[in-house]
Amino acid sequence: MTAIRSLILGTVILFSAVLTSVTCLANFVTTVNGGGIIKEGAGTDENKITFSFNVYADDDVPEGVGHFQAQFHRLALHPDLEKCRFFSRDITGFDIRPGDLESTPYTFVKIWASGRLDGEDNWSVIIRFADFGNPKKKKGLPQNHVDAVRIQLVNPNGEHVYDTAWENEFSREQGWRHLLDGGNISVHVSGD
């Protein structure tokens with residue numbers, strides 16, 4: 001009889017633990033992923049960056065976990081950054097909130113990450129995204145009502161060394177963000 005009680009009690013405790021963990025995760029789960037390209041100018045004056053990311057956040061990890069990478073292919077005013085690659089698996093901050101651009105709703109995401117620039121540690125980025133849903137899903141909207149990005153790069157000394165929103169870098173087509181020239185940003189949020 002004692003063995004049966006122990007078995008039943010153990011099963012109840014295990015089942016309760018599973019329910020508790022599922023309930024905790026179900027309160028707030030966000031995934032942000034995608035990638036794309038931004039370009040500005042032509043020839044020797046062209047700026048070109050590609051990027052990809054996958055970040056997950058929930059009540060247990062509100063700062064987010066995942067990765068972000070960017071390839072700085074060509075930056076006419078910053079030849080020292082050309083062909084450099086930033087990579088991070090250390091997401092240090094995550095913010096998500098609804099936005100509205102001229103009565104069109106979108107999701108705003110801001111991610112902070114520490115990582116490596118061409119193998120050198122202690123670089124960091126701040127990335128801001130606007131997700132308007134699937135590309136050109138809603139016909140008849142203004143041209144700037146599509147996914148956009150802004151990328152800031154900070155060196156190991158804490159100096160802000162690059163920003164896609166700086167003058168003569170990329171057009172500020174949506175506030176301080178530049179519209180994607182290709183790719184897509186996808187935000188999925190689930191809750192209670």
# chains A, B, ... in the order shown; residues from 1 in each chain; ligands from 1
>>> select_by_dssp(residues="chain A", states="strand (DSSP E or B)", output="PyMOL selection string")
chain A and resi 28-40+47-58+65-75+84-101+104-117+120-131+148-154+160-163+174+177-179+182-191
>>> closest_residue(among="A:Asn134, A:Gln152, A:Thr44, A:Ser114", to="A:Trp176", atoms="only C-alpha atoms")
A:Gln152
>>> residues_around(residues="A:Asn157", least_positions_apart="2", cutoff="12 Å", atoms="only C-alpha atoms", output="number ranges by chain")
A: 121-124, 153-155, 159-161
>>> closest_residue(among="A:Leu141, A:Val109, A:Val29, A:Ile49", to="A:Cys84", atoms="only C-alpha atoms")
A:Ile49
>>> residues_around(residues="A:His178", least_positions_apart="3", cutoff="7 Å", atoms="only C-alpha atoms", output="list in words")
Ala148, Val149, Arg150, Phe170, Ser171, Arg172, Glu173 and Gln174 of chain A
>>> residues_around(residues="A:Ala113", least_positions_apart="6", cutoff="9 Å", atoms="only C-alpha atoms", output="PyMOL selection string")
chain A and resi 67-68+88-93+123-127
>>> atom_distance(atom1="atom CA of A:Phe87", atom2="atom CA of A:Ile151")
13.1 Å
>>> atom_distance(atom1="atom CA of A:Gly133", atom2="atom CA of A:Gln69")
21.6 Å
>>> residues_around(residues="A:Lys83", least_positions_apart="5", cutoff="7 Å", atoms="only C-alpha atoms", output="CSV table (one decimal) with C-alpha atoms, in the first residue's frame")
chain,number,residue,atom,x,y,z
A,71,GLN,CA,27.8,41.6,-42.8
A,72,PHE,CA,29.0,45.1,-43.6
A,73,HIS,CA,29.7,44.5,-47.3
A,74,ARG,CA,30.4,48.1,-48.4
>>> closest_residue(among="A:His145, A:Arg116, A:His188, A:Lys110", to="A:Ala70", atoms="only C-alpha atoms")
A:Arg116
>>> closest_residue(among="A:Thr104, A:Thr164, A:Ser190, A:Thr50", to="A:Leu77", atoms="only C-alpha atoms")
A:Thr164
>>> residues_around(residues="A:Ala42", least_positions_apart="4", cutoff="12 Å", atoms="only C-alpha atoms", output="CSV table (one decimal) with N, CA, C and O atoms, in the first residue's frame")
chain,number,residue,atom,x,y,z
A,46,GLU,N,28.2,53.2,-52.9
A,46,GLU,CA,27.2,52.3,-52.4
A,46,GLU,C,27.5,51.9,-50.9
A,46,GLU,O,28.6,51.6,-50.5
A,47,ASN,N,26.4,51.8,-50.1
A,47,ASN,CA,26.4,51.2,-48.8
A,47,ASN,C,25.6,49.9,-48.9
A,47,ASN,O,24.5,50.0,-49.5
A,48,LYS,N,26.1,48.8,-48.3
A,48,LYS,CA,25.3,47.6,-48.4
A,48,LYS,C,25.6,46.8,-47.1
A,48,LYS,O,26.8,46.5,-46.8
A,74,ARG,N,29.8,46.9,-47.9
A,74,ARG,CA,30.4,48.1,-48.4
A,74,ARG,C,29.8,49.3,-47.7
A,74,ARG,O,28.6,49.4,-47.5
A,75,LEU,N,30.7,50.1,-47.2
A,75,LEU,CA,30.3,51.3,-46.5
A,75,LEU,C,31.3,52.4,-47.0
A,75,LEU,O,32.4,52.5,-46.5
A,76,ALA,N,30.8,53.2,-47.9
A,76,ALA,CA,31.7,54.2,-48.6
A,76,ALA,C,32.4,55.1,-47.6
A,76,ALA,O,33.6,55.4,-47.8
>>> select_by_dssp(residues="chain A", states="helix (DSSP H, G or I)", output="ChimeraX atom specification")
/A:2-26,43-45,79-81
>>> write_last_selection(atoms="C-alpha atoms", output="PDB file, in the first residue's frame")
ATOM      1  CA  THR A   2       2.840   2.417   0.828  1.00  0.00           C
ATOM      2  CA  ALA A   3       4.431   1.777  -2.599  1.00  0.00           C
ATOM      3  CA  ILE A   4       1.139   2.611  -4.350  1.00  0.00           C
ATOM      4  CA  ARG A   5       0.740   5.832  -2.314  1.00  0.00           C
ATOM      5  CA  SER A   6       4.322   6.828  -3.160  1.00  0.00           C
ATOM      6  CA  LEU A   7       3.695   6.121  -6.826  1.00  0.00           C
ATOM      7  CA  ILE A   8       0.476   8.160  -6.851  1.00  0.00           C
ATOM      8  CA  LEU A   9       2.030  11.028  -4.847  1.00  0.00           C
ATOM      9  CA  GLY A  10       5.108  11.045  -7.126  1.00  0.00           C
ATOM     10  CA  THR A  11       2.897  11.138 -10.232  1.00  0.00           C
ATOM     11  CA  VAL A  12       0.819  14.017  -8.809  1.00  0.00           C
ATOM     12  CA  ILE A  13       3.957  16.016  -7.928  1.00  0.00           C
ATOM     13  CA  LEU A  14       5.475  15.419 -11.389  1.00  0.00           C
ATOM     14  CA  PHE A  15       2.198  16.373 -13.123  1.00  0.00           C
ATOM     15  CA  SER A  16       1.940  19.555 -10.989  1.00  0.00           C
ATOM     16  CA  ALA A  17       5.506  20.530 -11.862  1.00  0.00           C
ATOM     17  CA  VAL A  18       4.792  20.098 -15.582  1.00  0.00           C
ATOM     18  CA  LEU A  19       1.618  22.202 -15.345  1.00  0.00           C
ATOM     19  CA  THR A  20       3.446  24.934 -13.436  1.00  0.00           C
ATOM     20  CA  SER A  21       6.255  25.174 -16.011  1.00  0.00           C
ATOM     21  CA  VAL A  22       3.823  25.170 -18.942  1.00  0.00           C
ATOM     22  CA  THR A  23       1.737  27.914 -17.316  1.00  0.00           C
ATOM     23  CA  CYS A  24       4.849  30.025 -16.698  1.00  0.00           C
ATOM     24  CA  LEU A  25       5.986  29.768 -20.330  1.00  0.00           C
ATOM     25  CA  ALA A  26       2.503  30.415 -21.713  1.00  0.00           C
ATOM     26  CA  GLY A  43      29.119  52.155 -57.493  1.00  0.00           C
ATOM     27  CA  THR A  44      31.855  53.446 -55.210  1.00  0.00           C
ATOM     28  CA  ASP A  45      29.273  55.360 -53.153  1.00  0.00           C
ATOM     29  CA  PRO A  79      36.256  51.592 -45.338  1.00  0.00           C
ATOM     30  CA  ASP A  80      37.639  50.186 -42.057  1.00  0.00           C
ATOM     31  CA  LEU A  81      34.289  48.392 -41.530  1.00  0.00           C
TER      32      LEU A  81
END
>>> closest_residue(among="A:Gly140, A:Gly34, A:Pro98, A:Gly41", to="A:Val55", atoms="only C-alpha atoms")
A:Gly34
>>> closest_residue(among="A:Gly115, A:Asn184, A:Gly175, A:Gly191", to="A:Pro156", atoms="only C-alpha atoms")
A:Gly115
>>> atom_distance(atom1="atom CA of A:Ala165", atom2="atom CA of A:Asn33")
21.7 Å
